[in-house]
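Novice: Got a structure here, written out as structure tokens. Questions coming.
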Number of protein chains: 2
Amino acid sequence: MFSRDEVQLPGGIATPALVVDLDAFEGNVARMAAAARAGGFALRPHGKTHKSADVAARQLAAGAIGLSVATLGEAEAFARAGVDDLFIAYPLWLDDGKAGRLRLLAETVALRVGVDSAEAARRLGAAVRGSARPVEALVEVDCGCRRTGVQPAAAGAVAAAAAGAGLAVAGVFTFPGHGYGHDPAARERAARDEERALAEAVDALARHGLEARVVSGGSTPTAGQWRPGVVGELRPGVYVFNDAIQLGIGTCGPEDLALAAAATVVSVPAPDRFVLDAGSKVLGADRSPWVDGHGYLPMFPGATVTGLWEHHAVVRLPAGVRGPGLGAVVTVAPNHVCSAVNLVDELLAVRRGAVVERWPVSARGANA
Amino acid sequence: MFSRDEVQLPGGIATPALVVDLDAFEGNVARMAAAARAGGFALRPHGKTHKSADVAARQLAAGAIGLSVATLGEAEAFARAGVDDLFIAYPLWLDDGKAGRLRLLAETVALRVGVDSAEAARRLGAAVRGSARPVEALVEVDCGCRRTGVQPAAAGAVAAAAAGAGLAVAGVFTFPGHGYGHDPAARERAARDEERALAEAVDALARHGLEARVVSGGSTPTAGQWRPGVVGELRPGVYVFNDAIQLGIGTCGPEDLALAAAATVVSVPAPDRFVLDAGSKVLGADRSPWVDGHGYLPMFPGATVTGLWEHHAVVRLPAGVRGPGLGAVVTVAPNHVCSAVNLVDELLAVRRGAVVERWPVSARGANA
């Protein structure tokens, strides 16, 4: 992306800014939709990656059945933008304020919420009791990531508690977050872990007389390992833009990078080094064992961002490569695109070097 | 901070949220002001840490002569809030848009701008030519951080170019960023590097017939190593809140941590582990060799945040320590406070467990 053309920023747009390569973006949206369709999966992309109503609209137009989100605030933002089928793929804990907000939200959209404890399920049930539309609960199970979620065998008890609290138990979900890595075999193992855990959880629900209609999993790194059978719904997020981590683990190529910071060379302290005005406050500070440094420069594929401060990216060039001069505008794909998007108020959508649309990051900062 | 009292969040405030312990904050502001006064230094705190007009007002009331900022956007935000003496401690590269904005800003506040190249100095001079108020240039020198800045001996040529471009050359500045570390001796060496580099740069200006009235340096980690002589002005930032990195390198104690994320326990997947709803989108993703994990929990000093996702902090407890239950609200100091503040729209100022003020993060996201 952006490897042939310099980015031309129109007057009034200053660097650093996040730009989207529309051609790459559209390719990413179409390919994931086609892969899900080919495997018979329902696609429910994760909105935390983009937090943008404009991006959501394109995913839905390409066949997504709804969106996944991580927070109540994200769900509210997408509901305001007209997305009417939302899954909060997170074990929400409802205090009085969130209980009231969730109830309001449930009256306007088809809503699913994650639970991984009987206590949270009871709070959720109390919050939506008597609501005109049912709220569906999905029990989160841990398939090896060791984050949230119960062990698969315990999913039945949580589901029973949710049913007892008056919720419609729709099924189970998991996140194969341990599938990040260089090695396709490790990603394959994570995808199989996911299937085993979900299948076991489906059985656990059945033992409590509950049917798991929805069996939800998936992530961008494990996309190549999906196979029909256990999993019915997929929730990849990052694929829509990709990033330096996906490039590092080999799940995308440089041509699939659809988002980058446009940045200006502000200093050239030595011939083998230049400094950009894009730092951690626009790229994010995520590190990864699969990326050498703090981002990827499509125009200088051998370069490394060796140092990242809040407003400085120090870039080192390979021997013999001539760097850009002072004032040049270059692009840097962030290590983790979800973090970068959350740092700005808008994305600039670019086609053939020109900004053609501006997309507000409607759910920026919606952590709560 | 927050070690004795649970944080009581008033209705309508949901977790995760960033809270400021006013007692600790006021202590930090007063101690740094006293240290600067005792050494005869002018104090120009860095506003990038807090991005808040309310915090700036307290620093100025305690004796700060003005603020340092990192971007033109931050300068504009603080100028709108009434701060009338600003130093953009960054080698700005002015395109047409930024040139126009800088000129407007220069007409309303006393303004200093960093330069580290003759080319940038010429652009700056052209931007403010004929302005009613002079803009002062400070030449940035590198004292060992290897980020931006010219080598000290080259400062004279950049200063001469700035003078030739019609700018008022006020002096020199540097950032001893290589002074981060456990070892007080390493911080001491960085402070001495800083003095040597600045003294050499002052001489370099003198050889071009230019007087360095302003000699600016300093950072929070090197605060204990300041001594009168070469450096006249100090620009620490983080001290106002402190963070887990400062705690890790030993430049503050737990009682000096004045900012934390208030977070809810959303999952307790195992007896030695709990999961909070504060992730990298409110704490930031900065890592440090001086912090084991992703933050510090004042209420559980032996705990480690072993995993951080966008909306999950996985906390491991030492053997035998009883963790908080589902729904408990606890606090986490971020690794790097500047990153955390930039992720939210307001800070909640807390005294004796109650929120008593709400401070907008006026310059949030002002990267350009």
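Residue numbers start at 1 in each chain; chains themselves are named A, B, ... in the order of the structure tokens; ligands are numbered from 1 in the order shown.
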Dump as CSV the rows for residues of chain A within 6 Å of chain B: closest atom pair and distance in Å with one decimal, only C-alpha atoms counted, ordered by chain and rising residue number.
Specialist:
```
residue,atom,partner,partner_atom,distance
A:Gly12,CA,B:Gly97,CA,5.7
A:Ala14,CA,B:Ala368,CA,5.9
A:Thr15,CA,B:Ala368,CA,5.6
A:Pro16,CA,B:Ala368,CA,5.8
A:Trp93,CA,B:Val266,CA,5.5
A:Gly97,CA,B:Gly12,CA,5.6
A:Val266,CA,B:Trp93,CA,5.6
A:Ala285,CA,B:Ala285,CA,5.1
A:Asp286,CA,B:Ala285,CA,5.3
A:Ala368,CA,B:Thr15,CA,5.6
```
Novice: Excluding segment 232-248 of chain B and residues on its chain fewer than 2 positions from it, collect all residues at most 7 Å away from it, counting only C-alpha atoms, and give them as JSON, numbers by chain.
Specialist: {"B": [25, 28, 29, 41, 42, 43, 44, 45, 46, 47, 49, 68, 214, 215, 216, 217, 218, 219, 220, 230, 250, 251, 252, 253, 254, 256, 257, 258, 259, 288, 290, 291, 295, 296, 333, 334, 335, 336, 337]}
Novice: Restrict the selected residues to C-alpha atoms and save them as a PDB file, in the first residue's frame.
Specialist:
```pdb
ATOM      1  CA  PHE B  25      -0.914  15.278  42.721  1.00  0.00           C
ATOM      2  CA  ASN B  28       4.098  16.239  43.268  1.00  0.00           C
ATOM      3  CA  VAL B  29       3.423  19.755  41.933  1.00  0.00           C
ATOM      4  CA  PHE B  41      16.057  26.876  37.874  1.00  0.00           C
ATOM      5  CA  ALA B  42      13.160  28.168  35.822  1.00  0.00           C
ATOM      6  CA  LEU B  43      10.522  25.418  35.615  1.00  0.00           C
ATOM      7  CA  ARG B  44       8.652  24.886  32.349  1.00  0.00           C
ATOM      8  CA  PRO B  45       6.771  21.591  32.848  1.00  0.00           C
ATOM      9  CA  HIS B  46       5.926  19.490  29.825  1.00  0.00           C
ATOM     10  CA  GLY B  47       2.215  19.676  29.041  1.00  0.00           C
ATOM     11  CA  THR B  49       1.893  14.493  30.107  1.00  0.00           C
ATOM     12  CA  SER B  68       6.561  23.034  27.220  1.00  0.00           C
ATOM     13  CA  VAL B 214      17.910  30.132  27.506  1.00  0.00           C
ATOM     14  CA  VAL B 215      19.603  26.798  28.238  1.00  0.00           C
ATOM     15  CA  SER B 216      16.887  24.200  28.657  1.00  0.00           C
ATOM     16  CA  GLY B 217      17.011  20.555  29.675  1.00  0.00           C
ATOM     17  CA  GLY B 218      15.761  18.163  32.267  1.00  0.00           C
ATOM     18  CA  SER B 219      13.382  15.258  32.572  1.00  0.00           C
ATOM     19  CA  THR B 220      11.628  13.566  35.461  1.00  0.00           C
ATOM     20  CA  VAL B 230      24.914  25.321  32.849  1.00  0.00           C
ATOM     21  CA  GLY B 250      12.966   4.411  41.730  1.00  0.00           C
ATOM     22  CA  THR B 251      12.289   8.100  41.095  1.00  0.00           C
ATOM     23  CA  CYS B 252       9.008   8.017  43.019  1.00  0.00           C
ATOM     24  CA  GLY B 253       7.360   5.918  45.686  1.00  0.00           C
ATOM     25  CA  PRO B 254       3.916   4.278  45.569  1.00  0.00           C
ATOM     26  CA  ASP B 256       3.551   9.578  44.741  1.00  0.00           C
ATOM     27  CA  LEU B 257       1.451   7.793  42.085  1.00  0.00           C
ATOM     28  CA  ALA B 258      -1.265  10.367  41.410  1.00  0.00           C
ATOM     29  CA  LEU B 259      -3.077   8.836  38.422  1.00  0.00           C
ATOM     30  CA  SER B 288       9.626  -1.011  30.037  1.00  0.00           C
ATOM     31  CA  TRP B 290      11.967  -1.550  34.626  1.00  0.00           C
ATOM     32  CA  VAL B 291       8.402  -2.763  35.083  1.00  0.00           C
ATOM     33  CA  GLY B 295       1.094  -1.438  35.356  1.00  0.00           C
ATOM     34  CA  TYR B 296       1.061  -1.294  39.146  1.00  0.00           C
ATOM     35  CA  ALA B 333      -1.282   2.953  37.599  1.00  0.00           C
ATOM     36  CA  PRO B 334      -0.247   2.798  33.929  1.00  0.00           C
ATOM     37  CA  ASN B 335       3.322   2.098  32.867  1.00  0.00           C
ATOM     38  CA  HIS B 336       3.537   5.429  31.022  1.00  0.00           C
ATOM     39  CA  VAL B 337       1.105   8.049  32.180  1.00  0.00           C
TER      40      VAL B 337
END
```
Novice: Could you give me, as a list of chain:residue names, each residue of segment 92-216 of chain B that DSSP assigns to strand (DSSP E) when run on this structure's backbone?
Specialist: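 Selecting the strand (DSSP E) positions of segment 92-216 of chain B gives B:Ala110, B:Leu111, B:Arg112, B:Val113, B:Gly114, B:Val115, B:Glu136, B:Ala137, B:Leu138, B:Val139, B:Glu140, B:Ala168, B:Val169, B:Ala170, B:Gly171, B:Val172, B:Phe173, B:Val214, B:Val215, B:Ser216.
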Novice: So how far away is atom CA of Arg213 of chain A from atom CA of Ala170 of chain A, in Å?
Specialist: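 Atom CA of Arg213 of chain A lies at a distance of 5.6 Å from atom CA of Ala170 of chain A.
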Novice: Could you tell me how far atom CA of Val330 of chain B sits from atom CA of Ala262 of chain B, in Å to one decimal place?
Specialist: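 Distance reported for this atom pair: 5.7 Å.
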